[in-house]
Every structure is written in structure tokens, then in C-alpha cells.
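Here's the structure, in C-alpha cells; my notes come after.
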Amino acid sequence: MTTTTGTVWDDLVGQQSLIGTLRDAAAGHGMTHAWLFTGPPGSGRSNVARAFAAALQCETGTGCGTCEPCRLVMKGSHPDVTVVRSETTVLYVDDMRDLVQASAKFPALGRWQIILVEDADRLGTPENPRTGNALLKAIEEPTPKTLWLLCAPTRADVLPTIASRSRHVTLATPTAPEVSEFLVRQGVDAAMASFAARASQGHIGRARALCVDEDARRRRREVVSLPSRLTSLGAVMTAATNLAEIAKEETAAITAEAERRELDGLQSMFGSERKDTATRAYRSALSALEKLQKQKARRRVLDVIDRCLMDLVSVYRDAIAVAVGAPGELVNEELRGDVEVVARAASPEQLLRMIDAIFTAREQMLEFNVPPQLALESMTVALRLPGGRA
């Protein structure tokens with residue numbers, strides 16, 4: 001896959017109306033000290049925020065993409081743009097206090113000191129707002145050259161005290177034709193681009209992965225082929241286990257090398273100490289690293305399961321479209337036969353209840369920490385097709 005060159009705005013798919021607003025702000029019109037970017041998964045919240053940061057530091061104020069500040073921001077190496085992303089399920093209060101101190105500094109190279117928080121929805125909840133409260137005063141009373149760019153799925157996912165002090169901009173979900181056109185510009189075969197655009201449901205990063213990774217395509221096929229097979233209790237339990245295993249397999253592939261590098265770095269820092277004869281400082285550092293790695297792995301498992309659930313939802317939405325005779329191409333057009341099996345077995349009302357069951361499982365895992373296997377088993381029972389075997 002090739003990459004394009006041009007302005008920092010060129011690769012923001014489906015966000016043309018928003019780009020005009022951000023261009024004007026970068027030029028000094030309608031600027032404010034805190035921005036909240038919201039949009040569904042895959043809409044490109046952090047990409048839009050990063051492009052905006054580049055335009056704000058740009059020598060011409062336009063986001064030209066060619067000046068040194070633009071290039072540094074887009075590569076993630078500009079000294080005055082700090083990007084905060086969480087690899088665990090929460091952002092921790094101690095990290096935010098360090099961030100507040102960093103935000104008080106004046107820019108060393110650029111026009112602004114910019115703090116970009118990719119997961120502002122993990123700053124806390126109304127019931128447990130400590131992490132968000134650590135940032136509140138800094139966002140409420142920033143230094144004259146400090147800007148906060150916060151990203152979250154929806155405004156409701158951010159603490160009200162923070163959301164109310166930010167200018168809210170909402171991203172659109174790119175359409176399949178927009179994603180397909182973007183992928184073709186990147187050098188992807190037209191047929192593959194069309195498939196990836198449909199299958200990703202507007203998620204640019206997911207579309208790219210599907211284009212280049214056969215394992216990603218295989219895992220998705222395994223997920224979207226499940227609904228038509230949920231005809232017995234045995235099939236239901238097997239499906240729940242398969243979903244959990246798919247998530248573990250993908251997570252292991254992602255984390256194994258990263259965890260090895262982290263452990264090598266720790267051992268390099270402390271020398272060649274072994275765990276059984278190590279100093280207290282090494283044992284403490286190793287314990288903290290292992291705890292953090294478990295938290296990262298859990299977050300990644302949940303992220304993979306969440307994506308699998310959205311793939312499942314696409315099948316039931318396709319089935320509803322088939323059942324009511326809606327025109328147009330299905331998300332899972334290549335599995336139309338399986339989709340028709342589901343549409344014949346369940347009424348549109350039943351299919352809607354199945355979609356509700358998927359979102360219930362999602363909420364159980366993400367919001368209430370229900371073990372994935374348990375939540376998935378409960379979900380797949382609800383997805384069992386009517387008239388199936390006992």
C-alpha cells in the first residue's frame with residue numbers, strides 16, 4: 001500500500017465539512033483553548049485532532065504538510081505536541097498530574113503547547129472523577145499558549161465538567177464509497193478496496209488492516225459466519241468459546257513482541273538479575289511491569305471482542321435489510337447466502353432483539369467488568385436461531 005503526500009487534511013476521509021471549521025480556527029478565527037472531538041469508532045478522531053495540531057503549528061497556518069512543524073507533528077515527534085493514549089482501560093491520576101505540569105510550559109519550538117488526549121472517555125466517571133478532576137483546573141485556566149485536544153466516542157462519555165469547558169466538534173462516519181476511493185488512492189486493488197470499505201463499516205484503520213492482513217480477513221470471516229450456524233445449544237456454546245479464542249489469538253499476536261521488549265528493557269536497566277536472587281527494587285519494578293502488561297492485555301482483548309461484536313451486528317443488520325427488501329449492497333455481500341438463512345429463520349423484530357443482546361454483552365464487559373466468556377455465552381444464547389435443535 002502506498003502513501004500520499006499533500007496537506008495534513010488530505011487523508012481525513014469523509015470529514016470535509018469539519019475541515020473547513022478547523023482550517024478557520026488554525027488561521028485564528030473562532031479559536032478556543034480546549035476542543036472535544038467526538039465520533040464513532042473508526043471515524044478518525046485522533047487523526048483529525050493530530051491534523052489540527054499540525055495546522056496550528058504550521059509555519060503558514062494552513063496545515064501545508066510540507067513545512068518542518070507539520071512533518072514533525074504528523075510523525076509524532078514535535079516537542080510541543082504531547083499525545084496521550086491509554087493502553088489500559090483507564091487513564092491514571094498520577095499520569096494526569098504529570099501532564100498538567102507539562103501543559104504549563106511555554107512552547108519550545110512551535111506557536112502552541114498542545115496536549116492531545118486520544119482517550120478522554122477514560123478520564124473517569126461521574127461516580128469516580130479523580131483523574132478528570134486532576135485536569136480540570138488546567139483545562140479551565142490554561143496558560144495563554146496551551147491548547148487541549150480531547151477525543152472520545154460521544155460527549156456523554158466525557159466528564160460533564162470537562163465537556164462543558166470544551167468546544168465540541170462531531171465527526172461523521174465515512175461512507176463505504178469514500179473509504180473505497182481513499183484506499184484506491186493508496187494503491188489498493190479496487191475489488192479489495194470495495195470489500196474492505198464495506199466490511200470495516202467506515203473504520204479507516206480496520207479497512208487498511210483488512211487490505212493487507214490475510215489473518216485479519218480470516219478472523220473476520222470466522223466471526224461473520226457464526227450467526228447462520230447458531231441453531232443448537234452446542235453451537236451456541238461453541239460460538240462463545242470461539243469468539244473468546246479469536247480475541248485471545250489476536251491479542252497474543254499483538255502483545256508478545258511488545259511484552260518481550262519491555263522485559264528486556266527492564267532487565268537492561270537492572271543488569272542481569274534473576275527473579276529468584278533479584279533485589280527488592282528489581283522485584284518491585286518487575287511486579288509493576290507484569291501488572292501493567294496484564295492490564296494492557298485485558299484492554300486489547302476487550303478491544304478485539306468489541307470489534308467482533310460490531311462485525312456480528314453487521315450481519316443482523318444485513319438480515320433485516322434482506323427481510324424487508326431494502327435496496328443496496330450488503331455489508332457482508334460475499335456472505336449473502338448465510339445472511340438469507342438468518343433472515344428466513346428470524347423476523348425483523350427478533351433480529352432487532354438479537355442486536356440488543358449484542359450491545360448488552362458489550363456493555364456488560366466494557367462498563368461492568370463481566371468476564372468475557374460469561375458475557376459471550378449469555379449473548380450467543382440470545383442469538384440462537386428460532387426453530388433450532390435443542
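Residue numbering restarts at 1 in every chain; chains get A, B, ... in the order shown in the C-alpha cells, and ligands count up from 1 in that same order.
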### Query
Which parts of segment 175-253 of chain A does DSSP call alpha helix (DSSP H) when run on the backbone here, written out as number ranges by chain?
A: 176-185, 190-200, 204-212, 214-224, 233-253
#### Entry: Contacts of Ala253 of chain A at 12 Å (only C-alpha atoms; same-chain gap of 2+ positions) as a list of chain:residue names
A:Asp215, A:Ala216, A:Ile246, A:Ala247, A:Lys248, A:Glu249, A:Glu250, A:Thr251, A:Thr255, A:Ala256, A:Glu257, A:Ala258, A:Glu259, A:Ala297, A:Arg300, A:Val301, A:Val304
Write a file of the selected residues as a short mmCIF file (atom, residue, chain, number, x, y, z; two decimals), in the first residue's frame, keeping N, CA and C atoms.
data_model
loop_
_atom_site.label_atom_id
_atom_site.label_comp_id
_atom_site.auth_asym_id
_atom_site.auth_seq_id
_atom_site.Cartn_x
_atom_site.Cartn_y
_atom_site.Cartn_z
N ASP A 215 -4.68 -12.75 7.86
CA ASP A 215 -5.16 -13.26 9.15
C ASP A 215 -6.34 -12.44 9.65
N ALA A 216 -6.28 -11.12 9.45
CA ALA A 216 -7.40 -10.26 9.86
C ALA A 216 -8.65 -10.62 9.07
N ILE A 246 -10.70 -16.20 19.45
CA ILE A 246 -10.27 -15.28 18.40
C ILE A 246 -9.64 -14.04 19.02
N ALA A 247 -10.28 -13.52 20.07
CA ALA A 247 -9.75 -12.33 20.75
C ALA A 247 -8.40 -12.61 21.39
N LYS A 248 -8.27 -13.77 22.04
CA LYS A 248 -7.00 -14.12 22.69
C LYS A 248 -5.90 -14.31 21.66
N GLU A 249 -6.23 -14.96 20.55
CA GLU A 249 -5.24 -15.21 19.50
C GLU A 249 -4.70 -13.90 18.93
N GLU A 250 -5.62 -12.99 18.61
CA GLU A 250 -5.17 -11.72 18.04
C GLU A 250 -4.40 -10.90 19.06
N THR A 251 -4.85 -10.90 20.31
CA THR A 251 -4.16 -10.14 21.35
C THR A 251 -2.75 -10.68 21.56
N THR A 255 0.68 -8.56 21.45
CA THR A 255 1.38 -8.23 22.69
C THR A 255 2.69 -8.97 22.90
N ALA A 256 2.87 -10.15 22.29
CA ALA A 256 4.03 -10.98 22.62
C ALA A 256 5.34 -10.23 22.42
N GLU A 257 5.53 -9.64 21.25
CA GLU A 257 6.78 -8.95 20.96
C GLU A 257 6.94 -7.71 21.83
N ALA A 258 5.85 -6.96 22.03
CA ALA A 258 5.93 -5.75 22.86
C ALA A 258 6.30 -6.10 24.30
N GLU A 259 5.69 -7.14 24.84
CA GLU A 259 5.99 -7.54 26.22
C GLU A 259 7.44 -8.00 26.35
N ALA A 297 -3.15 -6.20 28.23
CA ALA A 297 -3.69 -7.36 27.53
C ALA A 297 -5.20 -7.42 27.66
N ARG A 300 -6.73 -4.91 25.36
CA ARG A 300 -6.66 -5.32 23.96
C ARG A 300 -7.66 -6.43 23.67
N VAL A 301 -7.83 -7.37 24.60
CA VAL A 301 -8.83 -8.42 24.42
C VAL A 301 -10.21 -7.80 24.26
N VAL A 304 -10.61 -6.14 20.88
CA VAL A 304 -10.83 -7.11 19.79
C VAL A 304 -12.24 -7.67 19.86
#
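In terms of minimum interatomic distance to Arg229 of chain A, A:Val339 ranks closest within A:Val339, A:Leu351, A:Met31, A:Ala285, counting only C-alpha atoms.
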### Query
What's the 9 Å shell around Thr32 of chain A, counting only C-alpha atoms, without same-chain residues fewer than 5 positions away, as number ranges by chain?
A: 25, 147, 166-167
Please, could you write that set of residues out with C-alpha atoms as a PDB file, in the first residue's frame?
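Written out: part_17.pdb:
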ATOM      1  CA  ALA A  25      -9.605  28.070  13.667  1.00  0.00           C
ATOM      2  CA  LEU A 147      -4.336  24.030  23.878  1.00  0.00           C
ATOM      3  CA  SER A 166     -14.516  22.468  25.533  1.00  0.00           C
ATOM      4  CA  ARG A 167     -15.660  23.361  22.039  1.00  0.00           C
TER       5      ARG A 167
END
### Query
What gap, in Å, lies between atom CA of Phe37 of chain A and atom CA of Ala152 of chain A?
6.4 Å
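Between atom CA of Ala252 of chain A and atom CA of Tyr316 of chain A the separation is 28.8 Å.
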